[in-house]
Amino acid sequence: MSRLLHIEGLQAGYGAVPVLFDVSLDLAPGQVLALMGRNGMGKSTTIKSICRMIPSQGTLRFDGRDLHALPSHRAARLGLGLVPEGRRCFAGLTVLENLAAAARPGPWSRAAVGRLFPRLTERGTQLAASLSGGEQQMLAIGRALMTNPRLLILDEATEGLAPLVRAEIWDAIAELKGAGQSILIVDKSLRDLRKLADSAVILERGRSVWSGPMRGLDDDTAHRLLGV
Amino acid sequence: MIPERLVTIGAVAGLLAVALGAWALGEIFTITLATRAAILALAATGLNIALGYGGLVSLGHAAFFGLGGYAMGILAFHAQSYTPLELGSLTIEGTKSMPVIWLVAVCVSALAAWVIGLLSLRTGGVYFIMITLAFGQMFYYFAISWSAYGGEDGLPIYLRNSFPGVDTLVPVQFFGLCFAALVLALLLSARLRSAPLGLALNAARQSPARVAAVGISPTRVKLVAFVISGAITGLAGALYADLNRFVSPAMFSWQLSGELIVLVILGGVGRLAGPVIGACLFVTLEHWLGGLTDFWHVWLGAILLGVVLFARGGIVGLLTGKAGPHV
């Protein structure tokens, strides 16, 4: 099977504190993979390792290339589009400037992002800092799409948002999946992930303890590993 | 509150009006003051790209100012003494042509900015300030000990250099050249601010990690900005040398780097009109307060304190009612 992202035996940590001990996952092109686990199990650390924001060891390959050899911006240029936890838009730039700053050639343009999130077009000349949480989240996704990523990485994209706004974000993610976008997603809502994800990996204390197709995840396992 | 665009146009038009008014009234000295303001504004416009857009607090911009000055001084010195300039096996004729001198000044300062930036951008914060300061001082002490070009005494150039179609010895015509350079630099600066490079630079100031996450190297963006910034300040140095017909190691001094920062802060950090208003205010205060008391720097200090405490965003911030970008 052709793999877009291949991780095996990944280890990482912060300084002297190890967080990841043995994480493995595989993501095929066009697939949506849910990375799950309770708080503090290493989901965000895994994502930071993939995006080369922290040092790590083990096998970490994107489209056959070893990511370990690359600095953060080079990894992003290979086609990793990160939507970071906590949104982190460029607060001092306007909505349109946020999108323009990230633009790389490809089908995603400001117009295309505007079609996915019409609200961003309305708010075009507003500073990102003045947007609501949901709008900032849309902007963070839009900004990642502007890099025309081959793999979109969503870290807690619906966290702390009102239910209606969350539904809007989930609809947009589903639309991206429909268009064939490969997605690695971290989220707390198992209900929404079940509808969207093709497969899942569950982390516990820095190890991948369960992986397989999403429909193969039974309620007992989910309860035991995720506490839901 | 006044839109920023109007403030910029007003500041530039005001400077032009002062020079033309002084010309009409035959006030030669005022034209020279306006020329000095235009050149300092040009140098500060360069610094503003690094400091205002990129958040790079460089205490070494005098290095580029001085390099521009010495590029002019050395080329003109060889032209006026009819001696060739020997660089190893390479022999270059001196020149009195401003366009050639400007080109050399821009290239030399850009190259220096590239080398200094390459080394100092690996650090940040107070270390960046210290490293740029150290580079500036290196040039300063080198110039002091470089006896071939006057050493500590500096190097007088007897005749102002020439520009095709312009009599540079007529003060208002020389002002016109400096003013044109300032306007071009402001247009470039404005274009840069809204270009992808400027946006990435602005974003890199706020969050380098997020910029890297969208595939842009924050260090590279800052380096490019630093080089453009140094090149513009270098051009200002060449003009400043021509204004005074004299170059000396003082152009490399860290006090000058500090003054350029003061200009930008007074006017408004990261604002297009900031350096222009800052330079005009500085030159006015220097002339007016300097005539009243030898201790005019004390009053300048008090004004700077007032601006920092009560007018965040400088004079432009005060006029537009918006605080500037956080540096």
# chains A, B, ... in the order shown; residues from 1 in each chain; ligands from 1
>>> select_by_dssp(residues="segment 63-298 of chain B", states="strand (DSSP E or B)", output="PyMOL selection string")
chain B and resi 85-87+90-92+97+155-156+162-163+166+246-247
>>> interface_residues(of="chain B", to="chain A", cutoff="7 Å", atoms="only C-alpha atoms", output="list in words")
Pro196, Leu199, Ala200, Ala203, Gln206, Ala212, Ala213, Val214, Gly215, Ile216 and Ser217 of chain B
>>> closest_residue(among="A:Thr158, A:Thr59, A:Asn39, A:Ser109", to="Glu8 of chain A", atoms="only C-alpha atoms")
A:Thr59
>>> closest_residue(among="A:Asp155, A:Asp219, A:Glu122, A:Asp192", to="Trp170 of chain A", atoms="only C-alpha atoms")
A:Asp192
>>> atom_distance(atom1="atom CA of Gln137 of chain B", atom2="atom CA of Leu285 of chain B")
27.2 Å
>>> decode(residues="segment 88-208 of chain A", atoms="C-alpha atoms", output="PDB file, in the first residue's frame")
ATOM      1  CA  ARG A  88      -2.558  31.061  16.475  1.00  0.00           C
ATOM      2  CA  CYS A  89      -3.401  33.310  13.587  1.00  0.00           C
ATOM      3  CA  PHE A  90      -1.047  36.212  12.898  1.00  0.00           C
ATOM      4  CA  ALA A  91      -2.927  38.640  15.129  1.00  0.00           C
ATOM      5  CA  GLY A  92      -1.436  41.814  13.686  1.00  0.00           C
ATOM      6  CA  LEU A  93      -2.332  40.975  10.076  1.00  0.00           C
ATOM      7  CA  THR A  94      -5.751  41.238   8.470  1.00  0.00           C
ATOM      8  CA  VAL A  95      -7.656  38.140   7.371  1.00  0.00           C
ATOM      9  CA  LEU A  96      -6.604  38.547   3.744  1.00  0.00           C
ATOM     10  CA  GLU A  97      -2.994  39.233   4.755  1.00  0.00           C
ATOM     11  CA  ASN A  98      -2.953  36.093   6.917  1.00  0.00           C
ATOM     12  CA  LEU A  99      -3.996  34.093   3.867  1.00  0.00           C
ATOM     13  CA  ALA A 100      -1.626  35.884   1.487  1.00  0.00           C
ATOM     14  CA  ALA A 101       1.338  35.379   3.806  1.00  0.00           C
ATOM     15  CA  ALA A 102       0.958  31.597   3.597  1.00  0.00           C
ATOM     16  CA  ALA A 103       0.136  31.305  -0.111  1.00  0.00           C
ATOM     17  CA  ARG A 104       1.942  28.727  -2.201  1.00  0.00           C
ATOM     18  CA  PRO A 105       1.029  27.735  -5.748  1.00  0.00           C
ATOM     19  CA  GLY A 106      -1.839  25.280  -6.210  1.00  0.00           C
ATOM     20  CA  PRO A 107      -5.600  25.071  -6.473  1.00  0.00           C
ATOM     21  CA  TRP A 108      -6.201  26.731  -3.102  1.00  0.00           C
ATOM     22  CA  SER A 109      -6.439  30.479  -3.438  1.00  0.00           C
ATOM     23  CA  ARG A 110      -8.074  33.222  -1.374  1.00  0.00           C
ATOM     24  CA  ALA A 111     -11.165  32.855  -3.540  1.00  0.00           C
ATOM     25  CA  ALA A 112     -11.322  29.100  -2.903  1.00  0.00           C
ATOM     26  CA  VAL A 113     -10.882  29.579   0.846  1.00  0.00           C
ATOM     27  CA  GLY A 114     -13.600  32.245   0.672  1.00  0.00           C
ATOM     28  CA  ARG A 115     -15.962  29.701  -0.910  1.00  0.00           C
ATOM     29  CA  LEU A 116     -15.254  27.211   1.888  1.00  0.00           C
ATOM     30  CA  PHE A 117     -15.649  29.863   4.601  1.00  0.00           C
ATOM     31  CA  PRO A 118     -17.757  32.766   3.254  1.00  0.00           C
ATOM     32  CA  ARG A 119     -17.383  34.530   6.599  1.00  0.00           C
ATOM     33  CA  LEU A 120     -13.694  35.063   5.984  1.00  0.00           C
ATOM     34  CA  THR A 121     -14.477  37.029   2.840  1.00  0.00           C
ATOM     35  CA  GLU A 122     -16.831  39.270   4.801  1.00  0.00           C
ATOM     36  CA  ARG A 123     -14.134  39.886   7.390  1.00  0.00           C
ATOM     37  CA  GLY A 124     -11.347  40.287   4.803  1.00  0.00           C
ATOM     38  CA  THR A 125      -9.874  43.597   5.949  1.00  0.00           C
ATOM     39  CA  GLN A 126     -10.361  43.013   9.681  1.00  0.00           C
ATOM     40  CA  LEU A 127      -7.394  42.243  11.917  1.00  0.00           C
ATOM     41  CA  ALA A 128      -7.225  38.552  12.846  1.00  0.00           C
ATOM     42  CA  ALA A 129      -7.137  39.514  16.534  1.00  0.00           C
ATOM     43  CA  SER A 130     -10.615  41.040  16.210  1.00  0.00           C
ATOM     44  CA  LEU A 131     -12.251  37.824  14.965  1.00  0.00           C
ATOM     45  CA  SER A 132     -14.369  35.480  17.069  1.00  0.00           C
ATOM     46  CA  GLY A 133     -12.890  32.132  18.087  1.00  0.00           C
ATOM     47  CA  GLY A 134     -14.755  30.286  15.344  1.00  0.00           C
ATOM     48  CA  GLU A 135     -13.697  32.759  12.692  1.00  0.00           C
ATOM     49  CA  GLN A 136     -10.086  32.514  13.852  1.00  0.00           C
ATOM     50  CA  GLN A 137     -10.344  28.740  13.538  1.00  0.00           C
ATOM     51  CA  MET A 138     -11.669  29.104   9.998  1.00  0.00           C
ATOM     52  CA  LEU A 139      -8.794  31.457   9.271  1.00  0.00           C
ATOM     53  CA  ALA A 140      -6.265  28.990  10.714  1.00  0.00           C
ATOM     54  CA  ILE A 141      -7.674  26.252   8.459  1.00  0.00           C
ATOM     55  CA  GLY A 142      -7.753  28.635   5.510  1.00  0.00           C
ATOM     56  CA  ARG A 143      -4.165  29.633   6.137  1.00  0.00           C
ATOM     57  CA  ALA A 144      -3.060  25.979   6.164  1.00  0.00           C
ATOM     58  CA  LEU A 145      -5.026  25.323   2.944  1.00  0.00           C
ATOM     59  CA  MET A 146      -3.333  28.319   1.268  1.00  0.00           C
ATOM     60  CA  THR A 147      -0.060  26.360   1.454  1.00  0.00           C
ATOM     61  CA  ASN A 148      -1.789  23.744  -0.743  1.00  0.00           C
ATOM     62  CA  PRO A 149      -0.872  20.915   1.593  1.00  0.00           C
ATOM     63  CA  ARG A 150      -0.835  17.272   0.592  1.00  0.00           C
ATOM     64  CA  LEU A 151      -1.596  16.434   4.212  1.00  0.00           C
ATOM     65  CA  LEU A 152      -3.751  18.702   6.338  1.00  0.00           C
ATOM     66  CA  ILE A 153      -3.068  18.337  10.046  1.00  0.00           C
ATOM     67  CA  LEU A 154      -5.824  19.533  12.375  1.00  0.00           C
ATOM     68  CA  ASP A 155      -4.919  19.778  16.062  1.00  0.00           C
ATOM     69  CA  GLU A 156      -8.049  20.280  18.188  1.00  0.00           C
ATOM     70  CA  ALA A 157      -9.760  22.273  15.484  1.00  0.00           C
ATOM     71  CA  THR A 158     -13.127  22.406  17.245  1.00  0.00           C
ATOM     72  CA  GLU A 159     -11.943  22.938  20.799  1.00  0.00           C
ATOM     73  CA  GLY A 160     -13.700  25.649  22.780  1.00  0.00           C
ATOM     74  CA  LEU A 161     -16.157  26.582  20.047  1.00  0.00           C
ATOM     75  CA  ALA A 162     -19.943  27.000  20.213  1.00  0.00           C
ATOM     76  CA  PRO A 163     -21.904  23.953  18.931  1.00  0.00           C
ATOM     77  CA  LEU A 164     -23.172  25.735  15.839  1.00  0.00           C
ATOM     78  CA  VAL A 165     -19.703  26.896  14.872  1.00  0.00           C
ATOM     79  CA  ARG A 166     -18.327  23.425  15.489  1.00  0.00           C
ATOM     80  CA  ALA A 167     -20.901  21.979  13.128  1.00  0.00           C
ATOM     81  CA  GLU A 168     -19.794  24.492  10.518  1.00  0.00           C
ATOM     82  CA  ILE A 169     -16.145  23.461  10.938  1.00  0.00           C
ATOM     83  CA  TRP A 170     -17.029  19.739  10.755  1.00  0.00           C
ATOM     84  CA  ASP A 171     -18.992  20.387   7.561  1.00  0.00           C
ATOM     85  CA  ALA A 172     -15.989  22.115   6.065  1.00  0.00           C
ATOM     86  CA  ILE A 173     -13.677  19.239   7.035  1.00  0.00           C
ATOM     87  CA  ALA A 174     -16.136  16.759   5.497  1.00  0.00           C
ATOM     88  CA  GLU A 175     -16.147  18.849   2.324  1.00  0.00           C
ATOM     89  CA  LEU A 176     -12.333  18.723   2.223  1.00  0.00           C
ATOM     90  CA  LYS A 177     -12.425  14.960   2.651  1.00  0.00           C
ATOM     91  CA  GLY A 178     -14.943  14.708  -0.181  1.00  0.00           C
ATOM     92  CA  ALA A 179     -12.492  16.584  -2.388  1.00  0.00           C
ATOM     93  CA  GLY A 180      -9.854  13.932  -1.671  1.00  0.00           C
ATOM     94  CA  GLN A 181      -7.777  15.862   0.874  1.00  0.00           C
ATOM     95  CA  SER A 182      -5.630  13.660   3.127  1.00  0.00           C
ATOM     96  CA  ILE A 183      -6.196  14.643   6.747  1.00  0.00           C
ATOM     97  CA  LEU A 184      -4.637  13.809  10.094  1.00  0.00           C
ATOM     98  CA  ILE A 185      -7.014  14.969  12.782  1.00  0.00           C
ATOM     99  CA  VAL A 186      -6.852  15.235  16.561  1.00  0.00           C
ATOM    100  CA  ASP A 187     -10.164  15.897  18.265  1.00  0.00           C
ATOM    101  CA  LYS A 188     -12.061  15.030  21.403  1.00  0.00           C
ATOM    102  CA  SER A 189     -15.416  14.335  19.776  1.00  0.00           C
ATOM    103  CA  LEU A 190     -15.549  10.601  19.049  1.00  0.00           C
ATOM    104  CA  ARG A 191     -19.070  10.999  17.663  1.00  0.00           C
ATOM    105  CA  ASP A 192     -17.916  13.403  14.960  1.00  0.00           C
ATOM    106  CA  LEU A 193     -14.730  11.471  14.264  1.00  0.00           C
ATOM    107  CA  ARG A 194     -16.731   8.261  13.721  1.00  0.00           C
ATOM    108  CA  LYS A 195     -18.663   9.982  10.954  1.00  0.00           C
ATOM    109  CA  LEU A 196     -15.588  11.357   9.258  1.00  0.00           C
ATOM    110  CA  ALA A 197     -12.440   9.306   9.824  1.00  0.00           C
ATOM    111  CA  ASP A 198     -11.473   6.215   7.814  1.00  0.00           C
ATOM    112  CA  SER A 199      -9.089   4.906  10.419  1.00  0.00           C
ATOM    113  CA  ALA A 200      -7.861   5.677  13.893  1.00  0.00           C
ATOM    114  CA  VAL A 201      -4.828   5.397  16.114  1.00  0.00           C
ATOM    115  CA  ILE A 202      -5.191   5.627  19.878  1.00  0.00           C
ATOM    116  CA  LEU A 203      -2.303   6.744  22.061  1.00  0.00           C
ATOM    117  CA  GLU A 204      -1.812   5.829  25.678  1.00  0.00           C
ATOM    118  CA  ARG A 205       1.162   7.130  27.659  1.00  0.00           C
ATOM    119  CA  GLY A 206       3.197   7.852  24.572  1.00  0.00           C
ATOM    120  CA  ARG A 207       2.504   4.553  22.798  1.00  0.00           C
ATOM    121  CA  SER A 208       0.121   3.697  20.007  1.00  0.00           C
TER     122      SER A 208
END
